[in-house]
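Structure file run.cif (mmCIF, C-alpha atoms and all ligand atoms) follows.
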data_query
#
loop_
_atom_site.label_atom_id
_atom_site.label_comp_id
_atom_site.auth_asym_id
_atom_site.auth_seq_id
_atom_site.Cartn_x
_atom_site.Cartn_y
_atom_site.Cartn_z
CA MET A 2 -5.65 -0.89 -24.90
CA LYS A 3 -8.60 -0.54 -27.24
CA ARG A 4 -11.66 -0.36 -25.01
CA ILE A 5 -11.47 1.30 -21.61
CA LEU A 6 -14.24 1.48 -19.02
CA VAL A 7 -14.26 4.79 -17.14
CA THR A 8 -16.58 4.62 -14.14
CA GLY A 9 -17.61 8.05 -12.85
CA GLY A 10 -16.72 9.49 -16.26
CA ALA A 11 -19.39 12.23 -16.04
CA GLY A 12 -17.78 13.84 -12.99
CA PHE A 13 -15.03 16.45 -12.77
CA ILE A 14 -11.80 14.42 -13.16
CA GLY A 15 -13.47 11.43 -14.88
CA SER A 16 -14.78 13.59 -17.74
CA ALA A 17 -11.36 15.24 -18.13
CA PHE A 18 -9.87 11.73 -18.32
CA VAL A 19 -12.35 10.74 -21.05
CA ARG A 20 -11.39 13.85 -23.06
CA TYR A 21 -7.72 13.08 -22.43
CA LEU A 22 -8.00 9.46 -23.66
CA LEU A 23 -9.89 10.46 -26.81
CA ARG A 24 -7.33 13.19 -27.55
CA GLU A 25 -4.22 11.06 -26.92
CA TYR A 26 -5.28 7.66 -28.28
CA PRO A 27 -7.13 7.75 -31.62
CA GLU A 28 -7.72 3.97 -31.53
CA VAL A 29 -9.39 3.92 -28.10
CA HIS A 30 -13.12 3.55 -27.48
CA VAL A 31 -14.28 4.66 -24.04
CA VAL A 32 -17.24 3.23 -22.16
CA VAL A 33 -18.53 5.53 -19.41
CA LEU A 34 -20.57 4.05 -16.56
CA ASP A 35 -21.97 6.79 -14.34
CA LYS A 36 -24.95 6.98 -12.02
CA LEU A 37 -25.38 10.72 -12.65
CA THR A 38 -25.65 11.60 -8.99
CA TYR A 39 -25.92 15.30 -8.10
CA ALA A 40 -22.22 15.56 -9.13
CA GLY A 41 -22.53 13.74 -12.46
CA ASN A 42 -23.36 15.88 -15.45
CA LEU A 43 -23.62 15.06 -19.14
CA ASP A 44 -22.59 18.65 -19.94
CA ASN A 45 -19.13 17.57 -18.74
CA LEU A 46 -18.91 15.18 -21.70
CA ARG A 47 -20.09 17.62 -24.36
CA GLU A 48 -16.56 17.88 -25.81
CA ALA A 49 -16.13 14.08 -26.03
CA ASP A 50 -16.71 12.70 -29.55
CA PRO A 51 -20.01 10.72 -29.37
CA ALA A 52 -18.75 8.25 -32.01
CA ARG A 53 -15.86 7.25 -29.77
CA HIS A 54 -17.55 6.85 -26.44
CA THR A 55 -20.57 4.97 -25.11
CA PHE A 56 -22.42 6.40 -22.14
CA ILE A 57 -24.23 4.01 -19.79
CA ARG A 58 -26.22 5.35 -16.86
CA GLY A 59 -25.65 2.91 -14.01
CA ASP A 60 -24.52 2.42 -10.45
CA ILE A 61 -21.22 0.74 -9.49
CA ALA A 62 -23.04 -0.55 -6.41
CA ASP A 63 -25.13 -2.65 -8.88
CA ALA A 64 -22.98 -5.73 -9.61
CA ALA A 65 -24.88 -6.68 -12.78
CA ALA A 66 -24.52 -3.18 -14.27
CA VAL A 67 -20.77 -3.24 -13.62
CA ARG A 68 -20.34 -6.73 -15.09
CA GLU A 69 -22.22 -5.75 -18.23
CA ALA A 70 -20.37 -2.46 -18.76
CA MET A 71 -16.99 -4.12 -18.27
CA HIS A 72 -17.61 -6.78 -20.88
CA GLY A 73 -14.97 -6.59 -23.63
CA CYS A 74 -12.94 -3.85 -21.90
CA ASP A 75 -9.15 -4.25 -21.51
CA ALA A 76 -9.02 -1.88 -18.57
CA VAL A 77 -11.20 -0.14 -16.03
CA VAL A 78 -10.36 3.17 -14.38
CA ASN A 79 -12.60 3.96 -11.42
CA PHE A 80 -13.42 7.60 -10.68
CA ALA A 81 -16.94 6.88 -9.42
CA ALA A 82 -17.19 8.01 -5.81
CA GLU A 83 -18.95 10.21 -3.35
CA THR A 84 -16.25 12.86 -3.08
CA HIS A 85 -17.13 15.74 -0.79
CA VAL A 86 -15.82 15.65 2.80
CA ASP A 87 -18.51 18.04 4.11
CA ARG A 88 -21.31 15.86 2.67
CA SER A 89 -19.71 12.79 4.29
CA ILE A 90 -20.00 14.62 7.63
CA LEU A 91 -23.71 15.29 6.98
CA GLY A 92 -24.27 11.58 6.15
CA ALA A 93 -21.89 8.77 5.21
CA ALA A 94 -24.15 5.94 3.94
CA ASP A 95 -23.72 6.71 0.21
CA PHE A 96 -19.96 6.99 0.75
CA LEU A 97 -19.77 3.43 2.05
CA ARG A 98 -22.05 2.10 -0.68
CA THR A 99 -20.18 3.65 -3.58
CA ASN A 100 -16.60 3.99 -2.34
CA VAL A 101 -16.40 0.52 -0.76
CA GLU A 102 -19.16 -1.73 -2.13
CA GLY A 103 -18.94 -0.19 -5.60
CA VAL A 104 -15.20 -0.82 -5.73
CA TYR A 105 -15.79 -4.41 -4.59
CA ASN A 106 -18.18 -4.92 -7.57
CA ILE A 107 -15.55 -3.59 -9.96
CA LEU A 108 -12.95 -5.96 -8.52
CA GLU A 109 -15.31 -8.95 -8.71
CA ALA A 110 -16.20 -8.23 -12.34
CA ALA A 111 -12.50 -7.80 -13.19
CA LYS A 112 -11.67 -11.10 -11.47
CA GLU A 113 -14.40 -12.94 -13.40
CA GLN A 114 -13.54 -11.40 -16.75
CA GLY A 115 -9.73 -11.36 -16.46
CA THR A 116 -9.57 -7.60 -17.10
CA ALA A 117 -5.93 -6.70 -17.88
CA ARG A 118 -5.75 -3.54 -15.74
CA VAL A 119 -7.82 -2.15 -12.87
CA LEU A 120 -6.89 1.36 -11.80
CA LEU A 121 -8.50 2.68 -8.63
CA VAL A 122 -8.32 6.46 -8.41
CA SER A 123 -7.78 7.35 -4.77
CA THR A 124 -6.69 10.38 -2.79
CA ASP A 125 -3.88 11.76 -0.64
CA GLU A 126 -6.52 12.15 2.09
CA VAL A 127 -6.16 8.44 2.99
CA TYR A 128 -2.86 9.29 4.75
CA GLY A 129 -4.49 11.91 6.95
CA SER A 130 -2.82 15.13 7.99
CA ILE A 131 0.94 15.74 8.18
CA GLU A 132 2.67 18.70 9.87
CA GLN A 133 6.07 18.45 8.19
CA GLY A 134 7.51 16.53 5.26
CA SER A 135 5.46 14.43 2.82
CA PHE A 136 3.90 10.99 2.85
CA LYS A 137 5.33 8.16 0.76
CA GLU A 138 3.29 5.26 -0.61
CA THR A 139 4.66 2.96 2.11
CA ASP A 140 3.39 5.15 4.97
CA PRO A 141 0.44 3.89 7.02
CA LEU A 142 -3.10 5.01 6.28
CA ASN A 143 -4.78 7.31 8.78
CA PRO A 144 -8.00 8.63 7.19
CA ARG A 145 -9.83 10.99 9.54
CA ASN A 146 -13.19 11.73 7.92
CA PRO A 147 -15.89 9.42 6.51
CA TYR A 148 -14.99 10.30 2.89
CA SER A 149 -11.31 9.40 3.22
CA ALA A 150 -12.06 6.38 5.42
CA ALA A 151 -14.39 5.00 2.73
CA LYS A 152 -11.76 5.67 0.03
CA ALA A 153 -9.18 3.83 2.16
CA GLY A 154 -11.66 0.94 2.52
CA GLY A 155 -11.98 0.68 -1.27
CA GLU A 156 -8.19 0.73 -1.62
CA LEU A 157 -7.71 -2.03 0.94
CA ILE A 158 -10.22 -4.33 -0.76
CA GLY A 159 -8.40 -3.56 -4.02
CA ARG A 160 -5.03 -4.50 -2.55
CA SER A 161 -6.48 -7.70 -1.12
CA TYR A 162 -7.79 -8.68 -4.59
CA PHE A 163 -4.29 -8.24 -5.98
CA THR A 164 -2.64 -10.31 -3.25
CA THR A 165 -5.30 -13.01 -3.01
CA PHE A 166 -6.56 -13.37 -6.58
CA GLY A 167 -3.89 -11.68 -8.70
CA VAL A 168 -6.33 -9.04 -10.01
CA PRO A 169 -3.96 -6.45 -11.59
CA VAL A 170 -4.92 -3.53 -9.36
CA ILE A 171 -3.02 -0.23 -9.48
CA ILE A 172 -3.87 2.62 -7.09
CA THR A 173 -3.20 6.33 -7.54
CA ARG A 174 -3.43 8.89 -4.74
CA GLY A 175 -3.88 12.35 -6.17
CA SER A 176 -3.75 15.66 -4.34
CA ASN A 177 -6.45 18.38 -4.39
CA THR A 178 -7.40 18.84 -8.01
CA TYR A 179 -8.67 22.00 -9.75
CA GLY A 180 -9.73 23.06 -13.23
CA PRO A 181 -12.84 23.42 -15.42
CA TYR A 182 -16.09 21.47 -14.75
CA GLN A 183 -15.51 21.00 -10.99
CA TYR A 184 -18.79 20.83 -9.08
CA PRO A 185 -19.04 24.12 -7.15
CA GLU A 186 -19.24 22.55 -3.68
CA LYS A 187 -15.42 22.17 -3.55
CA VAL A 188 -13.63 25.21 -2.22
CA LEU A 189 -12.07 26.52 -5.41
CA PRO A 190 -15.09 26.61 -7.75
CA LEU A 191 -17.36 27.55 -4.81
CA PHE A 192 -15.27 30.58 -3.96
CA VAL A 193 -14.74 31.59 -7.61
CA THR A 194 -18.45 31.43 -8.47
CA ASN A 195 -19.49 33.15 -5.22
CA ALA A 196 -16.93 35.89 -5.88
CA ILE A 197 -18.23 36.38 -9.43
CA ASP A 198 -21.70 36.95 -7.90
CA GLY A 199 -20.39 39.14 -5.06
CA GLU A 200 -21.58 36.52 -2.53
CA PRO A 201 -19.67 35.78 0.71
CA LEU A 202 -16.86 33.20 0.67
CA PRO A 203 -17.39 30.87 3.70
CA LEU A 204 -13.83 30.29 4.89
CA TYR A 205 -13.55 27.76 7.74
CA LYS A 206 -12.40 29.68 10.81
CA GLY A 207 -9.40 28.09 12.45
CA GLY A 208 -8.62 26.42 9.12
CA GLU A 209 -7.50 29.59 7.31
CA HIS A 210 -3.91 28.39 7.49
CA ASN A 211 -4.67 24.79 6.57
CA VAL A 212 -2.73 23.66 3.53
CA ARG A 213 -3.75 21.81 0.38
CA ASP A 214 -1.47 20.86 -2.53
CA TRP A 215 -3.12 21.95 -5.80
CA LEU A 216 -2.90 19.73 -8.90
CA TYR A 217 -4.22 20.81 -12.30
CA VAL A 218 -6.82 18.37 -13.60
CA ASP A 219 -5.00 17.54 -16.86
CA ASP A 220 -1.81 16.79 -14.92
CA HIS A 221 -3.81 14.47 -12.67
CA CYS A 222 -5.23 12.69 -15.75
CA ARG A 223 -1.77 12.25 -17.28
CA GLY A 224 -0.50 10.82 -14.01
CA ILE A 225 -3.35 8.30 -13.90
CA ASP A 226 -2.58 7.31 -17.50
CA VAL A 227 1.14 6.86 -16.75
CA ALA A 228 0.28 4.65 -13.76
CA LEU A 229 -2.21 2.68 -15.91
CA ARG A 230 0.29 1.98 -18.70
CA GLU A 231 3.71 2.06 -17.03
CA GLY A 232 2.81 1.20 -13.42
CA ALA A 233 3.14 -2.29 -11.97
CA PRO A 234 0.12 -4.25 -10.71
CA GLY A 235 -0.10 -4.20 -6.92
CA GLU A 236 1.64 -0.81 -6.72
CA ILE A 237 0.46 2.57 -5.45
CA TYR A 238 1.46 5.92 -6.95
CA ASN A 239 1.16 9.37 -5.35
CA ILE A 240 0.32 12.20 -7.79
CA ALA A 241 1.15 15.58 -6.28
CA GLY A 242 0.67 19.05 -7.71
CA GLY A 243 3.63 20.51 -5.84
CA ASN A 244 1.65 23.70 -5.14
CA GLU A 245 1.00 23.87 -1.42
CA ARG A 246 -1.11 26.87 -0.47
CA GLU A 247 -2.84 27.99 2.71
CA ASN A 248 -6.61 28.37 2.31
CA ILE A 249 -6.37 32.08 3.09
CA ALA A 250 -3.79 32.57 0.33
CA LEU A 251 -6.00 30.72 -2.14
CA THR A 252 -8.97 32.84 -1.08
CA ARG A 253 -7.04 36.10 -1.55
CA ARG A 254 -5.84 35.00 -5.00
CA ILE A 255 -9.43 34.24 -6.06
CA LEU A 256 -10.60 37.63 -4.77
CA ALA A 257 -7.83 39.40 -6.70
CA LEU A 258 -8.58 37.53 -9.93
CA THR A 259 -12.31 38.27 -9.73
CA GLY A 260 -11.78 41.95 -8.82
CA ARG A 261 -13.25 41.61 -5.30
CA ASP A 262 -11.90 42.66 -1.92
CA GLU A 263 -11.57 40.92 1.42
CA SER A 264 -14.89 42.19 2.71
CA LEU A 265 -16.41 39.12 0.98
CA ILE A 266 -14.60 36.72 3.33
CA ARG A 267 -16.95 35.23 5.97
CA LEU A 268 -15.24 33.24 8.69
CA VAL A 269 -17.66 30.40 9.51
CA ALA A 270 -17.52 27.46 11.96
CA ASP A 271 -14.70 25.06 11.14
CA ARG A 272 -15.17 21.61 9.61
CA PRO A 273 -15.12 18.95 12.39
CA GLY A 274 -11.87 16.94 12.21
CA HIS A 275 -10.49 19.37 9.62
CA ASP A 276 -7.17 17.93 8.36
CA ARG A 277 -4.54 20.64 8.68
CA ARG A 278 -2.16 19.79 5.88
CA TYR A 279 -1.95 17.26 3.05
CA SER A 280 1.41 16.59 1.45
CA ILE A 281 2.63 13.65 -0.60
CA ASP A 282 5.91 12.72 -2.26
CA ALA A 283 5.48 12.00 -5.99
CA GLY A 284 9.00 10.60 -6.52
CA LYS A 285 7.71 7.15 -7.48
CA ILE A 286 5.54 8.31 -10.40
CA ARG A 287 8.14 10.88 -11.41
CA ALA A 288 10.52 7.92 -11.86
CA LEU A 289 8.05 6.64 -14.50
CA GLY A 290 8.43 9.90 -16.44
CA TRP A 291 5.48 11.93 -15.08
CA LYS A 292 5.70 15.50 -13.85
CA PRO A 293 3.10 18.23 -13.56
CA LEU A 294 3.16 20.59 -16.54
CA MET A 295 0.75 23.31 -15.37
CA ASP A 296 2.29 26.11 -13.39
CA TRP A 297 0.07 27.25 -10.49
CA ASP A 298 0.04 30.95 -11.43
CA GLU A 299 -1.13 30.10 -14.94
CA GLY A 300 -3.49 27.30 -13.84
CA ILE A 301 -5.43 29.46 -11.41
CA VAL A 302 -5.74 32.31 -13.93
CA GLN A 303 -7.02 29.94 -16.64
CA THR A 304 -9.39 28.21 -14.24
CA VAL A 305 -10.94 31.44 -12.91
CA ARG A 306 -11.33 32.62 -16.50
CA TRP A 307 -13.09 29.35 -17.42
CA TYR A 308 -15.73 29.89 -14.69
CA GLN A 309 -16.11 33.52 -15.80
CA ASP A 310 -16.62 32.39 -19.41
CA ASN A 311 -18.89 29.41 -18.66
CA GLU A 312 -21.60 30.72 -16.40
CA TRP A 313 -24.10 28.61 -18.38
CA TRP A 314 -22.41 25.52 -16.89
CA TRP A 315 -22.44 26.42 -13.18
CA ARG A 316 -25.55 28.63 -12.92
CA LYS A 317 -27.78 25.65 -13.76
CA ILE A 318 -26.07 23.63 -11.02
CA LYS A 319 -26.20 26.34 -8.40
CA SER A 320 -29.92 26.86 -8.89
CA GLY A 321 -30.80 23.16 -8.43
CA GLU A 322 -30.18 20.61 -5.64
CA PHE A 323 -27.17 22.70 -4.70
CA ARG A 324 -29.30 25.39 -3.04
CA GLN A 325 -30.72 22.94 -0.50
CA TYR A 326 -27.25 21.57 0.22
CA TYR A 327 -25.86 25.09 0.62
CA GLU A 328 -28.54 26.01 3.11
CA ARG A 329 -27.98 22.81 5.11
CA GLN A 330 -24.21 23.14 5.05
CA TYR A 331 -23.79 26.89 5.61
CA GLY A 332 -27.19 28.14 6.82
CA ASN A 333 -26.43 28.09 10.56
CA ARG A 334 -22.67 28.21 10.44
P1 LIG B 1 -17.03 14.20 -8.74
O1 LIG B 1 -17.80 14.23 -7.47
O2 LIG B 1 -16.92 15.42 -9.58
O3 LIG B 1 -17.60 13.04 -9.68
C1 LIG B 1 -17.95 11.77 -9.22
C2 LIG B 1 -18.67 11.06 -10.37
O4 LIG B 1 -18.98 9.72 -9.94
C3 LIG B 1 -19.98 11.71 -10.78
O5 LIG B 1 -20.09 11.75 -12.18
C4 LIG B 1 -21.04 10.79 -10.17
O6 LIG B 1 -22.25 10.79 -10.89
C5 LIG B 1 -20.33 9.46 -10.26
N1 LIG B 1 -20.84 8.49 -9.26
C6 LIG B 1 -21.01 8.69 -7.92
N2 LIG B 1 -21.52 7.57 -7.35
C7 LIG B 1 -21.63 6.65 -8.35
C8 LIG B 1 -22.06 5.31 -8.38
N3 LIG B 1 -22.50 4.67 -7.28
N4 LIG B 1 -22.04 4.64 -9.57
C9 LIG B 1 -21.62 5.28 -10.69
N5 LIG B 1 -21.23 6.55 -10.72
C10 LIG B 1 -21.21 7.23 -9.56
O7 LIG B 1 -15.59 13.65 -8.32
P2 LIG B 1 -14.12 14.03 -8.82
O8 LIG B 1 -13.66 15.21 -8.06
O9 LIG B 1 -14.09 14.01 -10.30
O10 LIG B 1 -13.31 12.78 -8.25
C11 LIG B 1 -13.11 11.61 -9.05
C12 LIG B 1 -12.28 10.62 -8.28
O11 LIG B 1 -11.01 11.20 -7.95
C13 LIG B 1 -12.89 10.18 -6.95
O12 LIG B 1 -12.68 8.79 -6.80
C14 LIG B 1 -12.12 10.96 -5.90
O13 LIG B 1 -12.06 10.26 -4.69
C15 LIG B 1 -10.76 11.08 -6.57
N6 LIG B 1 -9.97 12.28 -6.18
C16 LIG B 1 -10.51 13.55 -6.30
C17 LIG B 1 -9.73 14.64 -5.98
C18 LIG B 1 -10.28 16.06 -6.09
O14 LIG B 1 -9.60 17.00 -5.64
N7 LIG B 1 -11.42 16.28 -6.69
C19 LIG B 1 -8.40 14.47 -5.56
C20 LIG B 1 -7.90 13.17 -5.47
C21 LIG B 1 -8.68 12.08 -5.80
P1 LIG B 2 -12.43 20.97 -0.19
O1 LIG B 2 -12.48 21.65 -1.52
O2 LIG B 2 -13.69 20.50 0.42
O3 LIG B 2 -11.38 19.77 -0.36
P2 LIG B 2 -10.77 18.76 0.75
O4 LIG B 2 -11.39 19.00 2.05
O5 LIG B 2 -11.14 17.43 0.20
O6 LIG B 2 -9.30 19.03 0.76
O7 LIG B 2 -11.71 21.94 0.85
C1 LIG B 2 -10.39 22.43 0.65
C2 LIG B 2 -10.01 23.27 1.83
O8 LIG B 2 -10.86 24.42 1.90
C3 LIG B 2 -10.18 22.56 3.16
O9 LIG B 2 -9.12 22.91 4.03
C4 LIG B 2 -11.50 23.08 3.70
C5 LIG B 2 -11.56 24.50 3.14
N1 LIG B 2 -12.93 24.97 2.86
C6 LIG B 2 -13.38 26.19 3.42
O10 LIG B 2 -12.64 26.89 4.16
N2 LIG B 2 -14.64 26.60 3.14
C7 LIG B 2 -15.49 25.87 2.35
O11 LIG B 2 -16.65 26.31 2.14
C8 LIG B 2 -15.03 24.65 1.79
C9 LIG B 2 -15.91 23.82 0.91
C10 LIG B 2 -13.74 24.23 2.07
#
Please go through the file and, once you have read it, give me the structure as structure tokens.
Ligand code: NAD
Ligand code: TYD
Amino acid sequence: MKRILVTGGAGFIGSAFVRYLLREYPEVHVVVLDKLTYAGNLDNLREADPARHTFIRGDIADAAAVREAMHGCDAVVNFAAETHVDRSILGAADFLRTNVEGVYNILEAAKEQGTARVLLVSTDEVYGSIEQGSFKETDPLNPRNPYSAAKAGGELIGRSYFTTFGVPVIITRGSNTYGPYQYPEKVLPLFVTNAIDGEPLPLYKGGEHNVRDWLYVDDHCRGIDVALREGAPGEIYNIAGGNERENIALTRRILALTGRDESLIRLVADRPGHDRRYSIDAGKIRALGWKPLMDWDEGIVQTVRWYQDNEWWWRKIKSGEFRQYYERQYGNR
């Protein structure tokens, strides 16, 4: 692969994937197509060699923009999405546009141009919640919020393009991802940056014991790359961190690492339809040679330190559009 289109490459995981490709494959040129929504940020690409990547500002819901960006690319990896569950509860229209219609445009362009590989980055949230055990790729989908339902919609269109037209679609379902450059609406960077400022941490009451499986961002990127290169078209691969933690345990760890005490915890009204536990079995991608390399204890220490050392990155964000969102989301909770 010489030229790879990364849609959503200015977001959290997409930008880490761009850095990963440029680091691992000296012959690769990356094309980034990103709308730069509130979550997209060119600062996220500051470490990516400008000579080896081309940035295009554009919307995957715009078929012509997708077709043009994909021209001459051997592969496309789609990260572009509306990604925050709480925002999907406030309003789901953008989620359907980007996560379903945008994916359809990528598939159409790939069909027309005979693109050799189409990787759709998806999420473990499409399975819904599980009390015991872990979901396998063959388990039925049961998304329970507008975000995960829209992601499942994109996946299903993708699978239909493989079966009907032979478009070489591969799907990955990653677990909750953490690391540098994550937009501070997601729980981990939100709580770390609030704790640094001595601001309350809004923990969803009733969901304190809900469980997420934490995956370090570079491990997620490596998993996507393994699926892209070694995976078979038409197949789905779970990518799991193997670090299941209750939200309260995560919160306490963040407080300890930032030198704060539990008086900062504010129990606020729970998220409607809050999925209790996500858990996936990563045996299938492990059989291709992937395993997570970052240990949780080290990953969380490094990540908290990154937010402590890079206030310039998140302070700009938290003083912009974010403030209005924060007020709307937490103001009356
Ligand atoms: P993010 O919100 O940080 O970034 C999303 C990026 O997509 C932004 O750069 C944004 O500008 C861009 N974008 C949004 N709508 C677009 C559009 N219509 N056209 C072009 N660009 C658009 O998201 P993230 O956390 O990096 O997630 C990336 C992908 O990984 C998503 O598909 C998400 O569903 C999936 N995923 C995320 C996690 C997680 O824990 N963050 C876990 C599993 C899977
Ligand atoms: P989040 O980072 O939004 O990821 P997801 O819902 O996609 O897994 O939330 C992770 C967990 O943290 C989830 O159980 C909800 C909880 N949470 C809070 O308790 N308070 C918050 O302010 C946020 C954003 C999340």
*From the set A:Thr116, A:Thr124, A:Asn79, A:Asn100, which residue has the shortest atom-to-atom contact distance to ligand LIG 2 (chain B), counting only C-alpha atoms and all ligand atoms?*
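Closest to ligand LIG 2 (chain B), using only C-alpha atoms and all ligand atoms: A:Thr124.
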*asked:* Using all atoms listed in the file, which residues of the polymer chains come no farther than 10 Å from ligand LIG 2 (chain B)? I'd like the answer as a VMD selection string.
replied: chain A and resid 84 to 88 124 to 126 146 148 to 149 176 to 179 183 to 192 202 to 215 246 to 249 251 to 252 267 to 272 275 to 279 327 330 to 331
*asked:* Within 6 Å of ligand LIG 1 (chain B) (counting all atoms listed in the file), which residues show up? I'd like them as an NGL selection string.
replied: :A and (9-15 or 35-38 or 40-41 or 59-62 or 80-84 or 99 or 122-124 or 175-178 or 183-184)
Selection export as a PDB file, keeping the file's coordinate frame, atoms kept: C-alpha atoms:
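Heads up, here's the output in selection-v2.pdb:
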ATOM      1  CA  GLY A   9     -17.610   8.050 -12.850  1.00  0.00           C
ATOM      2  CA  GLY A  10     -16.720   9.490 -16.260  1.00  0.00           C
ATOM      3  CA  ALA A  11     -19.390  12.230 -16.040  1.00  0.00           C
ATOM      4  CA  GLY A  12     -17.780  13.840 -12.990  1.00  0.00           C
ATOM      5  CA  PHE A  13     -15.030  16.450 -12.770  1.00  0.00           C
ATOM      6  CA  ILE A  14     -11.800  14.420 -13.160  1.00  0.00           C
ATOM      7  CA  GLY A  15     -13.470  11.430 -14.880  1.00  0.00           C
ATOM      8  CA  ASP A  35     -21.970   6.790 -14.340  1.00  0.00           C
ATOM      9  CA  LYS A  36     -24.950   6.980 -12.020  1.00  0.00           C
ATOM     10  CA  LEU A  37     -25.380  10.720 -12.650  1.00  0.00           C
ATOM     11  CA  THR A  38     -25.650  11.600  -8.990  1.00  0.00           C
ATOM     12  CA  ALA A  40     -22.220  15.560  -9.130  1.00  0.00           C
ATOM     13  CA  GLY A  41     -22.530  13.740 -12.460  1.00  0.00           C
ATOM     14  CA  GLY A  59     -25.650   2.910 -14.010  1.00  0.00           C
ATOM     15  CA  ASP A  60     -24.520   2.420 -10.450  1.00  0.00           C
ATOM     16  CA  ILE A  61     -21.220   0.740  -9.490  1.00  0.00           C
ATOM     17  CA  ALA A  62     -23.040  -0.550  -6.410  1.00  0.00           C
ATOM     18  CA  PHE A  80     -13.420   7.600 -10.680  1.00  0.00           C
ATOM     19  CA  ALA A  81     -16.940   6.880  -9.420  1.00  0.00           C
ATOM     20  CA  ALA A  82     -17.190   8.010  -5.810  1.00  0.00           C
ATOM     21  CA  GLU A  83     -18.950  10.210  -3.350  1.00  0.00           C
ATOM     22  CA  THR A  84     -16.250  12.860  -3.080  1.00  0.00           C
ATOM     23  CA  THR A  99     -20.180   3.650  -3.580  1.00  0.00           C
ATOM     24  CA  VAL A 122      -8.320   6.460  -8.410  1.00  0.00           C
ATOM     25  CA  SER A 123      -7.780   7.350  -4.770  1.00  0.00           C
ATOM     26  CA  THR A 124      -6.690  10.380  -2.790  1.00  0.00           C
ATOM     27  CA  GLY A 175      -3.880  12.350  -6.170  1.00  0.00           C
ATOM     28  CA  SER A 176      -3.750  15.660  -4.340  1.00  0.00           C
ATOM     29  CA  ASN A 177      -6.450  18.380  -4.390  1.00  0.00           C
ATOM     30  CA  THR A 178      -7.400  18.840  -8.010  1.00  0.00           C
ATOM     31  CA  GLN A 183     -15.510  21.000 -10.990  1.00  0.00           C
ATOM     32  CA  TYR A 184     -18.790  20.830  -9.080  1.00  0.00           C
TER      33      TYR A 184
END
*Tell me which protein, DNA and RNA residues are within 8 Å of Asn239 in chain A, counting all atoms listed in the file, leaving out same-chain ones fewer than 4 positions away, and put them as a PyMOL selection string.*
chain A and resi 125+137-138+173-175+281-283+285-286
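Using all atoms listed in the file, the smallest distance between any of A:Glu102, A:Glu245, A:Asp63, A:Glu69 and Trp297 in chain A comes from A:Glu245.
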Expected answer as a PDB file with C-alpha atoms, keeping the file's coordinate frame: all residues with atoms within 12 Å of (-16.3, -6.9, -9.7), all atoms listed in the file:
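Output below, filename selection-v2.pdb:
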ATOM      1  CA  ILE A  61     -21.220   0.740  -9.490  1.00  0.00           C
ATOM      2  CA  ALA A  62     -23.040  -0.550  -6.410  1.00  0.00           C
ATOM      3  CA  ASP A  63     -25.130  -2.650  -8.880  1.00  0.00           C
ATOM      4  CA  ALA A  64     -22.980  -5.730  -9.610  1.00  0.00           C
ATOM      5  CA  ALA A  65     -24.880  -6.680 -12.780  1.00  0.00           C
ATOM      6  CA  ALA A  66     -24.520  -3.180 -14.270  1.00  0.00           C
ATOM      7  CA  VAL A  67     -20.770  -3.240 -13.620  1.00  0.00           C
ATOM      8  CA  ARG A  68     -20.340  -6.730 -15.090  1.00  0.00           C
ATOM      9  CA  GLU A  69     -22.220  -5.750 -18.230  1.00  0.00           C
ATOM     10  CA  ALA A  70     -20.370  -2.460 -18.760  1.00  0.00           C
ATOM     11  CA  MET A  71     -16.990  -4.120 -18.270  1.00  0.00           C
ATOM     12  CA  HIS A  72     -17.610  -6.780 -20.880  1.00  0.00           C
ATOM     13  CA  VAL A  77     -11.200  -0.140 -16.030  1.00  0.00           C
ATOM     14  CA  ASN A  79     -12.600   3.960 -11.420  1.00  0.00           C
ATOM     15  CA  VAL A 101     -16.400   0.520  -0.760  1.00  0.00           C
ATOM     16  CA  GLU A 102     -19.160  -1.730  -2.130  1.00  0.00           C
ATOM     17  CA  GLY A 103     -18.940  -0.190  -5.600  1.00  0.00           C
ATOM     18  CA  VAL A 104     -15.200  -0.820  -5.730  1.00  0.00           C
ATOM     19  CA  TYR A 105     -15.790  -4.410  -4.590  1.00  0.00           C
ATOM     20  CA  ASN A 106     -18.180  -4.920  -7.570  1.00  0.00           C
ATOM     21  CA  ILE A 107     -15.550  -3.590  -9.960  1.00  0.00           C
ATOM     22  CA  LEU A 108     -12.950  -5.960  -8.520  1.00  0.00           C
ATOM     23  CA  GLU A 109     -15.310  -8.950  -8.710  1.00  0.00           C
ATOM     24  CA  ALA A 110     -16.200  -8.230 -12.340  1.00  0.00           C
ATOM     25  CA  ALA A 111     -12.500  -7.800 -13.190  1.00  0.00           C
ATOM     26  CA  LYS A 112     -11.670 -11.100 -11.470  1.00  0.00           C
ATOM     27  CA  GLU A 113     -14.400 -12.940 -13.400  1.00  0.00           C
ATOM     28  CA  GLN A 114     -13.540 -11.400 -16.750  1.00  0.00           C
ATOM     29  CA  GLY A 115      -9.730 -11.360 -16.460  1.00  0.00           C
ATOM     30  CA  THR A 116      -9.570  -7.600 -17.100  1.00  0.00           C
ATOM     31  CA  VAL A 119      -7.820  -2.150 -12.870  1.00  0.00           C
ATOM     32  CA  ILE A 158     -10.220  -4.330  -0.760  1.00  0.00           C
ATOM     33  CA  GLY A 159      -8.400  -3.560  -4.020  1.00  0.00           C
ATOM     34  CA  TYR A 162      -7.790  -8.680  -4.590  1.00  0.00           C
ATOM     35  CA  VAL A 168      -6.330  -9.040 -10.010  1.00  0.00           C
ATOM     36  CA  VAL A 170      -4.920  -3.530  -9.360  1.00  0.00           C
TER      37      VAL A 170
END
*Which is closer to Thr164 in chain A than all the others in A:Pro201, A:Gly235, A:Pro181, A:Pro141, using only C-alpha atoms?*
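Looking at the shortest contact to Thr164 in chain A, the residue is A:Gly235.
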